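Note: the block below is entry-v3.tsv and it holds TSV, C-alpha atoms (C1' of nucleotides).
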```tsv
chain	number	residue	atom	x	y	z
A	1	MET	CA	-32.28	17.20	-1.88
A	2	PRO	CA	-32.30	13.81	-3.55
A	3	TYR	CA	-28.92	12.76	-2.14
A	4	SER	CA	-28.43	12.73	1.62
A	5	SER	CA	-25.12	13.56	3.18
A	6	GLU	CA	-24.87	10.01	4.53
A	7	HIS	CA	-25.27	8.78	0.99
A	8	LYS	CA	-22.36	10.92	-0.12
A	9	GLN	CA	-20.24	9.66	2.76
A	10	LYS	CA	-21.12	6.09	1.85
A	11	SER	CA	-20.09	6.64	-1.76
A	12	ARG	CA	-16.87	8.24	-0.66
A	13	ASP	CA	-16.07	5.29	1.59
A	14	LYS	CA	-16.80	2.85	-1.21
A	15	ILE	CA	-14.46	4.71	-3.54
A	16	LEU	CA	-11.76	4.83	-0.86
A	17	ASP	CA	-12.05	1.11	-0.21
A	18	SER	CA	-11.67	0.40	-3.91
A	19	ALA	CA	-8.75	2.81	-4.13
A	20	LEU	CA	-6.86	1.25	-1.24
A	21	LYS	CA	-7.29	-2.21	-2.69
A	22	LEU	CA	-6.52	-1.38	-6.32
A	23	PHE	CA	-3.65	1.03	-5.68
A	24	THR	CA	-2.06	-1.38	-3.21
A	25	HIS	CA	-2.26	-4.27	-5.64
A	26	HIS	CA	-1.31	-2.51	-8.87
A	27	GLY	CA	0.44	0.75	-7.97
A	28	TYR	CA	-0.46	4.34	-8.72
A	29	ASP	CA	0.14	4.40	-12.46
A	30	ASN	CA	-1.48	1.07	-13.20
A	31	VAL	CA	-4.88	2.07	-11.87
A	32	SER	CA	-7.04	4.49	-13.85
A	33	ILE	CA	-9.88	6.53	-12.42
A	34	ASP	CA	-12.17	4.57	-14.71
A	35	GLN	CA	-11.14	1.29	-13.10
A	36	LEU	CA	-11.37	2.80	-9.66
A	37	MET	CA	-14.91	4.01	-10.12
A	38	GLU	CA	-16.07	0.90	-11.90
A	39	HIS	CA	-14.78	-1.17	-8.98
A	40	ALA	CA	-16.73	1.09	-6.64
A	41	GLY	CA	-19.88	0.69	-8.74
A	42	LEU	CA	-19.92	4.24	-10.06
A	43	THR	CA	-18.75	6.05	-13.18
A	44	ARG	CA	-15.90	8.35	-14.06
A	45	GLY	CA	-17.67	11.68	-13.73
A	46	ALA	CA	-18.75	11.15	-10.12
A	47	PHE	CA	-15.16	10.90	-8.96
A	48	TYR	CA	-14.57	14.63	-8.91
A	49	ALA	CA	-17.49	15.26	-6.58
A	50	HIS	CA	-15.45	13.48	-3.90
A	51	PHE	CA	-11.78	14.05	-4.62
A	52	LYS	CA	-9.72	16.81	-6.16
A	53	ASN	CA	-7.66	14.55	-8.42
A	54	LYS	CA	-5.94	11.19	-8.64
A	55	SER	CA	-2.98	12.25	-6.57
A	56	ASP	CA	-5.36	13.30	-3.81
A	57	ILE	CA	-7.18	9.98	-3.50
A	58	TYR	CA	-3.92	8.05	-3.53
A	59	ALA	CA	-2.79	9.75	-0.33
A	60	GLU	CA	-6.26	9.42	1.19
A	61	ALA	CA	-6.41	5.73	0.39
A	62	ILE	CA	-3.08	5.02	2.06
A	63	LEU	CA	-4.21	6.93	5.11
A	64	ALA	CA	-7.32	4.77	5.22
A	65	ALA	CA	-5.08	1.81	6.00
A	66	LEU	CA	-4.60	3.26	9.47
A	67	LYS	CA	-7.87	1.74	10.60
A	68	HIS	CA	-6.49	-1.75	9.98
A	69	GLY	CA	-3.99	-1.03	12.73
A	70	GLU	CA	-6.92	-0.85	15.16
A	71	THR	CA	-8.14	-4.21	13.93
A	72	LEU	CA	-4.71	-5.69	14.53
A	73	LEU	CA	-4.69	-4.42	18.08
A	74	ALA	CA	-8.17	-5.68	18.76
A	75	GLN	CA	-7.04	-9.22	18.02
A	76	ALA	CA	-4.53	-8.98	20.82
A	77	ASP	CA	-7.10	-9.64	23.53
A	78	GLY	CA	-6.10	-12.79	25.34
A	79	THR	CA	-2.59	-13.31	24.00
A	80	SER	CA	0.78	-12.36	25.39
A	81	ASN	CA	2.97	-9.81	23.65
A	82	GLN	CA	5.26	-12.55	22.44
A	83	GLN	CA	2.37	-14.58	21.04
A	84	TRP	CA	0.88	-11.57	19.33
A	85	LEU	CA	4.16	-10.67	17.65
A	86	GLU	CA	4.79	-14.23	16.49
A	87	GLU	CA	1.28	-14.36	15.09
A	88	LEU	CA	1.90	-11.07	13.26
A	89	PHE	CA	5.13	-12.36	11.73
A	90	LEU	CA	3.44	-15.55	10.58
A	91	THR	CA	0.58	-13.68	8.98
A	92	TYR	CA	2.57	-10.84	7.48
A	93	LEU	CA	5.46	-12.89	6.13
A	94	SER	CA	3.20	-15.46	4.51
A	95	HIS	CA	2.46	-16.63	0.99
A	96	GLU	CA	-1.16	-15.64	1.55
A	97	HIS	CA	-0.11	-12.05	2.11
A	98	VAL	CA	2.31	-12.03	-0.82
A	99	ASN	CA	-0.23	-13.65	-3.13
A	100	ARG	CA	-3.00	-11.29	-2.06
A	101	GLN	CA	-5.23	-13.95	-0.54
A	102	ALA	CA	-5.30	-11.83	2.58
A	103	PRO	CA	-5.71	-8.06	3.08
A	104	SER	CA	-2.55	-6.48	1.72
A	105	CYS	CA	-0.33	-4.04	3.56
A	106	PRO	CA	0.33	-0.89	1.49
A	107	LEU	CA	3.62	-0.43	3.33
A	108	ALA	CA	5.03	-3.52	1.67
A	109	PHE	CA	3.13	-3.31	-1.60
A	110	LEU	CA	3.76	0.39	-2.26
A	111	ALA	CA	7.21	0.97	-0.76
A	112	THR	CA	8.90	2.13	-3.95
A	113	ASP	CA	5.67	3.27	-5.59
A	114	VAL	CA	5.22	5.95	-2.96
A	115	ALA	CA	8.82	7.11	-3.19
A	116	ASN	CA	8.14	8.44	-6.68
A	117	ARG	CA	5.14	10.50	-5.61
A	118	GLU	CA	4.56	13.87	-4.02
A	119	ALA	CA	4.59	14.89	-0.38
A	120	PRO	CA	0.96	14.07	0.58
A	121	ALA	CA	1.32	10.42	-0.43
A	122	ARG	CA	4.63	10.07	1.37
A	123	LYS	CA	3.21	11.81	4.42
A	124	ALA	CA	0.32	9.34	4.52
A	125	TYR	CA	2.72	6.44	4.08
A	126	THR	CA	4.85	7.75	6.92
A	127	ALA	CA	1.85	7.93	9.23
A	128	VAL	CA	0.90	4.32	8.50
A	129	TYR	CA	4.48	3.18	8.93
A	130	LYS	CA	4.85	4.90	12.29
A	131	LYS	CA	1.63	3.28	13.43
A	132	LEU	CA	2.90	-0.22	12.59
A	133	ASN	CA	6.29	0.48	14.07
A	134	GLN	CA	4.82	1.88	17.27
A	135	LEU	CA	2.45	-1.07	17.55
A	136	ILE	CA	5.36	-3.50	17.33
A	137	LYS	CA	7.55	-1.45	19.62
A	138	SER	CA	4.86	-1.37	22.29
A	139	LYS	CA	4.67	-5.16	22.24
A	140	LEU	CA	8.38	-5.64	21.98
A	141	MET	CA	9.49	-4.64	25.44
A	142	LYS	CA	8.39	-2.97	28.58
A	143	ASP	CA	11.59	-1.61	29.99
A	144	LYS	CA	14.16	-1.26	27.18
A	145	LEU	CA	12.43	1.73	25.63
A	146	GLU	CA	15.67	3.09	24.21
A	147	ASP	CA	16.01	0.05	21.95
A	148	ASN	CA	15.33	0.63	18.27
A	149	THR	CA	15.03	-2.94	17.01
A	150	SER	CA	11.44	-2.35	15.91
A	151	PHE	CA	12.65	-0.28	12.95
A	152	ALA	CA	14.83	-3.11	11.69
A	153	ILE	CA	12.02	-5.60	12.20
A	154	THR	CA	9.52	-3.56	10.23
A	155	ALA	CA	12.09	-2.96	7.49
A	156	MET	CA	12.63	-6.71	7.27
A	157	MET	CA	8.89	-7.41	7.17
A	158	ILE	CA	8.30	-4.83	4.45
A	159	GLY	CA	11.39	-5.85	2.51
A	160	GLY	CA	10.54	-9.53	2.80
A	161	VAL	CA	7.01	-9.14	1.45
A	162	ALA	CA	8.14	-6.72	-1.28
A	163	LEU	CA	10.77	-9.25	-2.33
A	164	GLY	CA	8.21	-12.01	-2.20
A	165	ARG	CA	6.16	-10.14	-4.79
A	166	ALA	CA	9.07	-9.11	-6.98
A	167	LEU	CA	10.89	-12.43	-7.23
A	168	ASN	CA	10.03	-14.91	-9.92
A	169	GLU	CA	11.03	-18.16	-8.23
A	170	THR	CA	8.80	-19.79	-5.68
A	171	GLU	CA	11.73	-21.51	-4.04
A	172	THR	CA	13.58	-18.26	-3.44
A	173	VAL	CA	10.42	-16.61	-2.14
A	174	ASP	CA	10.09	-19.48	0.33
A	175	GLN	CA	13.62	-18.95	1.53
A	176	VAL	CA	13.15	-15.22	1.96
A	177	LEU	CA	9.91	-15.54	3.89
A	178	ASP	CA	11.25	-18.38	6.07
A	179	SER	CA	14.44	-16.54	6.86
A	180	CYS	CA	12.65	-13.29	7.71
A	181	ARG	CA	10.19	-15.08	9.97
A	182	GLN	CA	12.94	-16.97	11.80
A	183	THR	CA	15.16	-13.93	12.14
A	184	ALA	CA	12.32	-11.75	13.40
A	185	MET	CA	11.56	-14.29	16.13
A	186	ARG	CA	15.23	-14.50	16.98
A	187	LEU	CA	15.44	-10.74	17.35
A	188	LEU	CA	12.39	-10.95	19.56
A	189	VAL	CA	13.99	-13.35	21.98
A	190	GLU	CA	17.38	-11.69	21.99
A	191	SER	CA	16.06	-8.22	22.66
A	192	GLU	CA	14.28	-9.37	25.85
B	193	MET	CA	28.61	0.88	-44.08
B	194	PRO	CA	28.64	4.20	-42.30
B	195	TYR	CA	27.95	2.71	-38.88
B	196	SER	CA	30.29	0.08	-37.49
B	197	SER	CA	29.08	-2.72	-35.30
B	198	GLU	CA	31.17	-1.34	-32.44
B	199	HIS	CA	29.35	1.92	-32.85
B	200	LYS	CA	26.03	0.18	-32.50
B	201	GLN	CA	27.21	-1.65	-29.41
B	202	LYS	CA	28.39	1.62	-27.93
B	203	SER	CA	25.02	3.25	-28.55
B	204	ARG	CA	23.27	0.28	-27.03
B	205	ASP	CA	25.43	0.46	-23.93
B	206	LYS	CA	24.79	4.18	-23.57
B	207	ILE	CA	21.05	3.63	-23.78
B	208	LEU	CA	21.24	0.80	-21.27
B	209	ASP	CA	23.23	2.93	-18.83
B	210	SER	CA	20.65	5.69	-19.10
B	211	ALA	CA	17.85	3.17	-18.70
B	212	LEU	CA	19.29	1.62	-15.55
B	213	LYS	CA	19.79	5.01	-13.96
B	214	LEU	CA	16.45	6.57	-14.95
B	215	PHE	CA	14.29	3.52	-14.35
B	216	THR	CA	15.92	2.91	-10.99
B	217	HIS	CA	15.38	6.48	-9.87
B	218	HIS	CA	11.89	7.10	-11.23
B	219	GLY	CA	10.26	3.74	-11.91
B	220	TYR	CA	8.98	2.17	-15.10
B	221	ASP	CA	5.96	4.38	-15.74
B	222	ASN	CA	7.66	7.65	-14.87
B	223	VAL	CA	10.30	7.34	-17.57
B	224	SER	CA	9.35	7.84	-21.22
B	225	ILE	CA	11.35	6.58	-24.16
B	226	ASP	CA	11.86	10.23	-25.10
B	227	GLN	CA	13.56	10.97	-21.78
B	228	LEU	CA	15.57	7.78	-22.02
B	229	MET	CA	16.97	8.59	-25.44
B	230	GLU	CA	17.55	12.23	-24.65
B	231	HIS	CA	19.57	11.20	-21.61
B	232	ALA	CA	21.58	8.89	-23.83
B	233	GLY	CA	22.18	11.69	-26.34
B	234	LEU	CA	19.98	10.23	-29.09
B	235	THR	CA	16.43	10.68	-30.30
B	236	ARG	CA	13.24	8.68	-30.02
B	237	GLY	CA	13.33	6.92	-33.36
B	238	ALA	CA	16.69	5.29	-32.81
B	239	PHE	CA	15.41	3.38	-29.83
B	240	TYR	CA	13.74	0.66	-31.85
B	241	ALA	CA	16.93	-0.22	-33.70
B	242	HIS	CA	18.21	-1.55	-30.37
B	243	PHE	CA	15.26	-2.79	-28.35
B	244	LYS	CA	11.92	-4.35	-29.12
B	245	ASN	CA	9.90	-2.14	-26.81
B	246	LYS	CA	9.91	-0.39	-23.47
B	247	SER	CA	9.16	-3.53	-21.50
B	248	ASP	CA	12.18	-5.18	-23.13
B	249	ILE	CA	14.71	-2.53	-22.15
B	250	TYR	CA	13.40	-2.43	-18.59
B	251	ALA	CA	14.35	-6.06	-18.05
B	252	GLU	CA	17.66	-5.58	-19.86
B	253	ALA	CA	18.52	-2.57	-17.74
B	254	ILE	CA	17.92	-4.41	-14.49
B	255	LEU	CA	20.06	-7.27	-15.72
B	256	ALA	CA	22.83	-4.78	-16.47
B	257	ALA	CA	23.10	-4.16	-12.73
B	258	LEU	CA	24.71	-7.59	-12.42
B	259	LYS	CA	28.05	-6.11	-13.40
B	260	HIS	CA	28.04	-3.91	-10.30
B	261	GLY	CA	28.22	-7.11	-8.29
B	262	GLU	CA	31.62	-7.74	-9.83
B	263	THR	CA	32.73	-4.26	-8.78
B	264	LEU	CA	31.59	-4.94	-5.25
B	265	LEU	CA	33.61	-8.12	-5.12
B	266	ALA	CA	36.70	-6.44	-6.56
B	267	GLN	CA	36.75	-4.04	-3.63
B	268	ALA	CA	37.13	-6.97	-1.28
B	269	ASP	CA	40.85	-7.34	-1.94
B	270	GLY	CA	42.67	-6.80	1.36
B	271	THR	CA	39.78	-6.89	3.78
B	272	SER	CA	38.37	-9.67	5.90
B	273	ASN	CA	34.89	-11.02	5.31
B	274	GLN	CA	33.64	-9.26	8.40
B	275	GLN	CA	35.14	-5.93	7.35
B	276	TRP	CA	33.75	-6.26	3.84
B	277	LEU	CA	30.25	-6.94	5.11
B	278	GLU	CA	30.33	-4.07	7.57
B	279	GLU	CA	31.50	-1.78	4.81
B	280	LEU	CA	28.66	-2.96	2.60
B	281	PHE	CA	26.08	-2.30	5.30
B	282	LEU	CA	27.46	1.18	5.90
B	283	THR	CA	27.39	2.03	2.23
B	284	TYR	CA	24.09	0.42	1.37
B	285	LEU	CA	22.12	1.62	4.38
B	286	SER	CA	23.30	5.21	4.04
B	287	HIS	CA	21.70	8.55	3.34
B	288	GLU	CA	23.92	8.87	0.29
B	289	HIS	CA	22.36	5.74	-1.17
B	290	VAL	CA	18.82	6.77	-0.26
B	291	ASN	CA	19.34	10.29	-1.60
B	292	ARG	CA	20.92	9.06	-4.82
B	293	GLN	CA	24.32	10.62	-4.25
B	294	ALA	CA	25.82	7.19	-4.85
B	295	PRO	CA	25.02	4.51	-7.47
B	296	SER	CA	21.56	3.22	-6.66
B	297	CYS	CA	20.61	-0.41	-6.20
B	298	PRO	CA	17.60	-1.38	-8.34
B	299	LEU	CA	16.73	-4.10	-5.84
B	300	ALA	CA	15.83	-1.48	-3.27
B	301	PHE	CA	14.60	1.21	-5.62
B	302	LEU	CA	12.40	-1.02	-7.79
B	303	ALA	CA	11.16	-3.63	-5.34
B	304	THR	CA	7.45	-2.90	-5.76
B	305	ASP	CA	7.85	-1.41	-9.22
B	306	VAL	CA	9.00	-4.74	-10.61
B	307	ALA	CA	6.22	-6.66	-8.87
B	308	ASN	CA	3.69	-5.00	-11.18
B	309	ARG	CA	5.52	-5.96	-14.36
B	310	GLU	CA	5.77	-9.01	-16.56
B	311	ALA	CA	7.94	-12.10	-16.23
B	312	PRO	CA	11.13	-10.87	-17.98
B	313	ALA	CA	11.54	-7.94	-15.60
B	314	ARG	CA	10.90	-10.10	-12.57
B	315	LYS	CA	13.28	-12.72	-13.87
B	316	ALA	CA	16.02	-10.12	-14.27
B	317	TYR	CA	15.29	-8.78	-10.80
B	318	THR	CA	15.52	-12.30	-9.40
B	319	ALA	CA	18.91	-12.83	-11.00
B	320	VAL	CA	20.29	-9.64	-9.49
B	321	TYR	CA	18.83	-10.48	-6.11
B	322	LYS	CA	20.33	-13.94	-6.07
B	323	LYS	CA	23.69	-12.45	-6.97
B	324	LEU	CA	23.61	-10.06	-4.01
B	325	ASN	CA	22.34	-12.74	-1.70
B	326	GLN	CA	24.97	-15.21	-2.77
B	327	LEU	CA	27.69	-12.59	-2.42
B	328	ILE	CA	26.65	-11.90	1.16
B	329	LYS	CA	26.17	-15.55	1.96
B	330	SER	CA	29.68	-16.39	0.74
B	331	LYS	CA	31.15	-13.78	3.08
B	332	LEU	CA	28.87	-14.65	5.94
B	333	MET	CA	30.24	-18.00	6.96
B	334	LYS	CA	32.50	-20.77	5.95
B	335	ASP	CA	31.04	-23.78	7.69
B	336	LYS	CA	27.40	-23.10	8.52
B	337	LEU	CA	26.26	-23.42	4.94
B	338	GLU	CA	22.80	-24.53	5.96
B	339	ASP	CA	22.14	-21.17	7.59
B	340	ASN	CA	19.74	-18.88	5.72
B	341	THR	CA	20.34	-15.58	7.50
B	342	SER	CA	21.53	-13.95	4.30
B	343	PHE	CA	17.96	-13.82	2.99
B	344	ALA	CA	16.77	-11.91	6.04
B	345	ILE	CA	19.75	-9.57	5.85
B	346	THR	CA	19.13	-8.72	2.20
B	347	ALA	CA	15.41	-8.25	2.90
B	348	MET	CA	16.32	-5.83	5.67
B	349	MET	CA	18.77	-3.95	3.47
B	350	ILE	CA	16.28	-3.63	0.63
B	351	GLY	CA	13.39	-2.82	2.97
B	352	GLY	CA	15.46	-0.27	4.86
B	353	VAL	CA	16.51	1.64	1.76
B	354	ALA	CA	13.03	1.44	0.23
B	355	LEU	CA	11.60	2.83	3.46
B	356	GLY	CA	14.26	5.53	3.51
B	357	ARG	CA	12.99	6.73	0.15
B	358	ALA	CA	9.30	6.42	0.93
B	359	LEU	CA	9.23	8.11	4.33
B	360	ASN	CA	8.76	11.83	4.62
B	361	GLU	CA	10.52	12.49	7.93
B	362	THR	CA	14.29	12.71	8.11
B	363	GLU	CA	14.28	11.70	11.74
B	364	THR	CA	12.39	8.49	11.07
B	365	VAL	CA	14.63	7.69	8.11
B	366	ASP	CA	17.63	8.08	10.43
B	367	GLN	CA	16.13	5.65	12.89
B	368	VAL	CA	15.34	3.09	10.22
B	369	LEU	CA	18.81	3.20	8.67
B	370	ASP	CA	20.56	3.16	12.06
B	371	SER	CA	18.51	0.27	13.30
B	372	CYS	CA	19.01	-1.78	10.14
B	373	ARG	CA	22.76	-1.21	10.20
B	374	GLN	CA	23.06	-2.16	13.86
B	375	THR	CA	20.84	-5.19	13.51
B	376	ALA	CA	22.65	-6.41	10.42
B	377	MET	CA	25.95	-6.25	12.27
B	378	ARG	CA	24.41	-8.03	15.23
B	379	LEU	CA	23.17	-10.83	13.01
B	380	LEU	CA	26.67	-11.01	11.60
B	381	VAL	CA	28.28	-11.61	14.96
B	382	GLU	CA	25.60	-13.93	16.26
B	383	SER	CA	25.63	-16.17	13.22
B	384	GLU	CA	29.35	-16.82	13.55
C	385	DG	C1'	21.76	3.67	-37.50
C	386	DT	C1'	19.64	7.78	-36.59
C	387	DC	C1'	16.61	11.31	-37.63
C	388	DT	C1'	11.76	13.87	-37.97
C	389	DA	C1'	6.90	13.37	-38.50
C	390	DT	C1'	2.89	11.17	-37.25
C	391	DA	C1'	-0.50	7.58	-36.31
C	392	DG	C1'	-3.12	5.54	-32.63
C	393	DA	C1'	-4.32	4.58	-27.90
C	394	DA	C1'	-4.87	5.63	-23.08
C	395	DA	C1'	-6.04	8.39	-19.41
C	396	DG	C1'	-6.77	12.78	-16.52
C	397	DA	C1'	-9.88	16.29	-16.13
C	398	DT	C1'	-14.01	19.27	-17.40
C	399	DA	C1'	-18.94	20.49	-19.18
C	400	DG	C1'	-23.55	20.05	-19.02
C	401	DA	C1'	-27.87	17.13	-18.63
C	402	DC	C1'	-30.67	14.78	-15.22
D	403	DG	C1'	-24.54	13.42	-6.70
D	404	DT	C1'	-24.09	10.90	-10.67
D	405	DC	C1'	-24.24	10.36	-15.41
D	406	DT	C1'	-22.46	10.68	-20.58
D	407	DA	C1'	-19.78	13.21	-23.85
D	408	DT	C1'	-15.64	15.42	-24.88
D	409	DC	C1'	-11.38	18.17	-24.62
D	410	DT	C1'	-6.55	17.72	-24.05
D	411	DT	C1'	-2.25	15.83	-23.04
D	412	DT	C1'	0.99	12.25	-22.97
D	413	DC	C1'	3.26	8.48	-24.73
D	414	DT	C1'	4.18	4.08	-27.33
D	415	DA	C1'	5.17	2.64	-31.63
D	416	DT	C1'	5.65	3.03	-36.73
D	417	DA	C1'	6.86	5.21	-41.42
D	418	DG	C1'	9.94	7.11	-44.35
D	419	DA	C1'	13.95	10.33	-45.43
D	420	DC	C1'	18.98	10.65	-45.04
```

Do you think you could lay out the structure here as structure tokens?
Amino acid sequence: MPYSSEHKQKSRDKILDSALKLFTHHGYDNVSIDQLMEHAGLTRGAFYAHFKNKSDIYAEAILAALKHGETLLAQADGTSNQQWLEELFLTYLSHEHVNRQAPSCPLAFLATDVANREAPARKAYTAVYKKLNQLIKSKLMKDKLEDNTSFAITAMMIGGVALGRALNETETVDQVLDSCRQTAMRLLVESE
Amino acid sequence: MPYSSEHKQKSRDKILDSALKLFTHHGYDNVSIDQLMEHAGLTRGAFYAHFKNKSDIYAEAILAALKHGETLLAQADGTSNQQWLEELFLTYLSHEHVNRQAPSCPLAFLATDVANREAPARKAYTAVYKKLNQLIKSKLMKDKLEDNTSFAITAMMIGGVALGRALNETETVDQVLDSCRQTAMRLLVESE
DNA sequence: GTCTATAGAAAGATAGAC
DNA sequence: GTCTATCTTTCTATAGAC
């Protein structure tokens, strides 16, 4: 038994990490299994010992983004809800995020990519989205639980970052990100 | 001269119409030139008499969406700015739009698709975006010209529809569309 | 200008050695 | 489990007839 089961798990995790990063940055069709495995430090043939096919790992990779939600929450230690949300808006709706100098959110980077794929990928995307939305909703208010503003806020965050990547003019990207940040904060205050 | 120049123009327009529709609905990589030409009622070989390559027609097709902006404006005849905007929000952030029962907006359907493509496509996308944004901004206010809310509103519209297509749960899609519509209207009132 | 036929490249998936 | 070699399909783009 030359390969331990922990070794297999470690390989699988490496491949998944590479998949999340590459798929998020380039989209499903622009990443080949060759590239994926090379990025993970392995070769093409080994892929199929871990995943059924390309479609399969795409959904798995998106699902792997769920763990970043935990990280987000963990950073909320000493801060108030309001502070945490403002910090999130600043980080998410930033040039660093758009220009991939920070960990990228598949919700914003893959919004229309996922729409053209099968159920498993969309199911995974939905799970990640609900996690983000619920996270924001929980910080948004304590009493007005019937309010649905969190959906509009997440749509604006995702739309703003997606636009930031699609647009070709730095000045317009600035305006979009600024406006989304300001409006998100405004909605925060006004929904209190 | 068996083929008139009007005939060529007509063919080109047919191909462009097909391209806008198919690319918008399926994305760049999921549409082949074969499918494109078949949809336009022609065959593969004729394509290159009209366009340099696939990348070329993608940018052209997006640019062709500019003319729909004119149509939008034309429908603004008897209505007030406020009415026109509310009508736009209802139409844009609707299930019919998300489910492709109405003409689809490439801004929402191709947001992340375009981000992975070259400059010409992103330039075309930027032009269409600025058109929509400017249209909304012109209806939004008469005096507060320094206000930038229109960027956040368009980001929310595009993000909301993109999410509507990506998500796999009808109930969540409902919530996203509802919330975006309500919030857009709220921003309308509050920015007066 | 439009057609059919085809060249050439890319990529998903499998087979078999180690 | 991971590797290299290869089968197979798909698709962009070109060539040449009409």

Compile the contact shell of Ile328 (chain B) as a PDB file with C-alpha atoms, in the coordinates of the input: residues with an atom at most 8 Å away, counting all atoms listed in the file, same-chain residues fewer than 4 positions apart removed.
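For reference, selection.pdb as written:
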```
ATOM      1  CA  LEU B 277      30.250  -6.940   5.110  1.00  0.00           C
ATOM      2  CA  LEU B 324      23.610 -10.060  -4.010  1.00  0.00           C
ATOM      3  CA  LEU B 332      28.870 -14.650   5.940  1.00  0.00           C
ATOM      4  CA  SER B 342      21.530 -13.950   4.300  1.00  0.00           C
TER       5      SER B 342
END
```

Can I get the residues of chain B within 8 Å of chain C, each with the closest pair of atoms and their distance in Å to one decimal, using all atoms listed in the file, sorted chain first then ascending number, as a Markdown table?
```
| residue | atom | partner | partner_atom | distance |
| --- | --- | --- | --- | --- |
| B:Tyr195 | CA | C:DG385 | C1' | 6.4 |
| B:Lys200 | CA | C:DG385 | C1' | 7.4 |
| B:Leu234 | CA | C:DT386 | C1' | 7.9 |
| B:Thr235 | CA | C:DC387 | C1' | 7.4 |
| B:Gly237 | CA | C:DC387 | C1' | 6.9 |
| B:Ala238 | CA | C:DT386 | C1' | 5.4 |
| B:Ala241 | CA | C:DG385 | C1' | 7.3 |
```

Please, which residues in chain B fall within 10 Å of chain D when counting only C-alpha atoms (C1' of nucleotides), and what is the closest atom pair and distance in Å to one decimal for each, ordered by chain then residue number, as JSON lines?
```
{"residue": "B:Ser224", "atom": "CA", "partner": "D:DC413", "partner_atom": "C1'", "distance": 7.1}
{"residue": "B:Ile225", "atom": "CA", "partner": "D:DT414", "partner_atom": "C1'", "distance": 8.2}
{"residue": "B:Asp226", "atom": "CA", "partner": "D:DC413", "partner_atom": "C1'", "distance": 8.8}
{"residue": "B:Gly237", "atom": "CA", "partner": "D:DT416", "partner_atom": "C1'", "distance": 9.2}
{"residue": "B:Tyr240", "atom": "CA", "partner": "D:DA415", "partner_atom": "C1'", "distance": 8.8}
{"residue": "B:Asn245", "atom": "CA", "partner": "D:DA415", "partner_atom": "C1'", "distance": 8.3}
{"residue": "B:Lys246", "atom": "CA", "partner": "D:DT414", "partner_atom": "C1'", "distance": 8.2}
```

Exercise. Grab the CA of His217 (chain B) to CA of Asp56 (chain A) distance for me, in Å with one decimal place.
Key: 22.7 Å

Where does chain B meet chain A within 7 Å, residue by residue, with the nearest atom pair and distance in Å to one decimal for each, counting only C-alpha atoms, listed by chain and rising number, as a tab-separated table?
```
residue	atom	partner	partner_atom	distance
B:His218	CA	A:Asn116	CA	6.0
B:Asp221	CA	A:Asp29	CA	6.7
B:Phe301	CA	A:Thr112	CA	6.0
B:Leu302	CA	A:Thr112	CA	6.1
B:Ala303	CA	A:Ala162	CA	5.9
B:Thr304	CA	A:Thr112	CA	5.5
B:Asp305	CA	A:Asp113	CA	6.3
B:Val306	CA	A:Ala166	CA	5.7
B:Ala307	CA	A:Ala166	CA	4.2
B:Asn308	CA	A:His26	CA	6.0
B:Arg314	CA	A:Asn168	CA	5.6
B:Lys315	CA	A:Asn168	CA	5.6
B:Tyr317	CA	A:Leu167	CA	6.7
B:Thr318	CA	A:Leu167	CA	5.1
B:Asn340	CA	A:Ser179	CA	5.9
B:Thr341	CA	A:Ser179	CA	6.0
B:Phe343	CA	A:Val176	CA	5.1
B:Ala344	CA	A:Cys180	CA	4.7
B:Ala347	CA	A:Gly159	CA	4.7
B:Met348	CA	A:Met156	CA	4.1
B:Ile350	CA	A:Gly159	CA	5.7
B:Gly351	CA	A:Gly159	CA	3.7
B:Gly352	CA	A:Ala155	CA	5.1
B:Ala354	CA	A:Thr112	CA	5.9
B:Leu355	CA	A:Ala111	CA	6.4
B:Arg357	CA	A:Ala115	CA	5.4
B:Ala358	CA	A:Ala115	CA	4.2
B:Leu359	CA	A:Thr126	CA	5.1
B:Asn360	CA	A:Arg122	CA	5.5
B:Gln367	CA	A:Phe151	CA	6.9
B:Val368	CA	A:Phe151	CA	5.1
B:Ser371	CA	A:Ala152	CA	5.2
B:Cys372	CA	A:Ala152	CA	4.7
B:Thr375	CA	A:Ala152	CA	6.6
```

Self-check item: Interatomic distance (Å, one decimal) between CA of Lys259 (chain B) and CA of Asp209 (chain B)
Solution: 11.6 Å

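For the atom pair formed by CA of Met229 (chain B) and CA of Arg292 (chain B), the distance is 21.0 Å, given to one decimal.
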
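Environment of (4.5, -7.9, 21.3): residues at most 10 Å away, judged by all atoms listed in the file, are A:Ala76, A:Thr79, A:Ser80, A:Asn81, A:Gln82, A:Gln83, A:Trp84, A:Leu85, A:Glu86, A:Glu87, A:Leu88, A:Leu135, A:Ile136, A:Lys137, A:Ser138, A:Lys139, A:Leu140, A:Met141, A:Lys142, A:Leu188.
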
Quiz item: Leu36 (chain A): which residues within 9 Å, counting only C-alpha atoms (C1' of nucleotides), same-chain residues fewer than 4 positions away excluded, as JSON, numbers by chain?
Solution: {"A": [15, 18, 19, 22, 23, 31, 32, 40, 41, 42, 43, 44, 47]}

Any chance you could work out the axis-aligned box around region 391-396 of chain C, listed atoms only, 6 Å on each side, giving centre and edge lengths in Å to one decimal, as JSON?
```
{"center_x": -3.6, "center_y": 8.7, "center_z": -26.4, "size_x": 18.3, "size_y": 20.2, "size_z": 31.8}
```
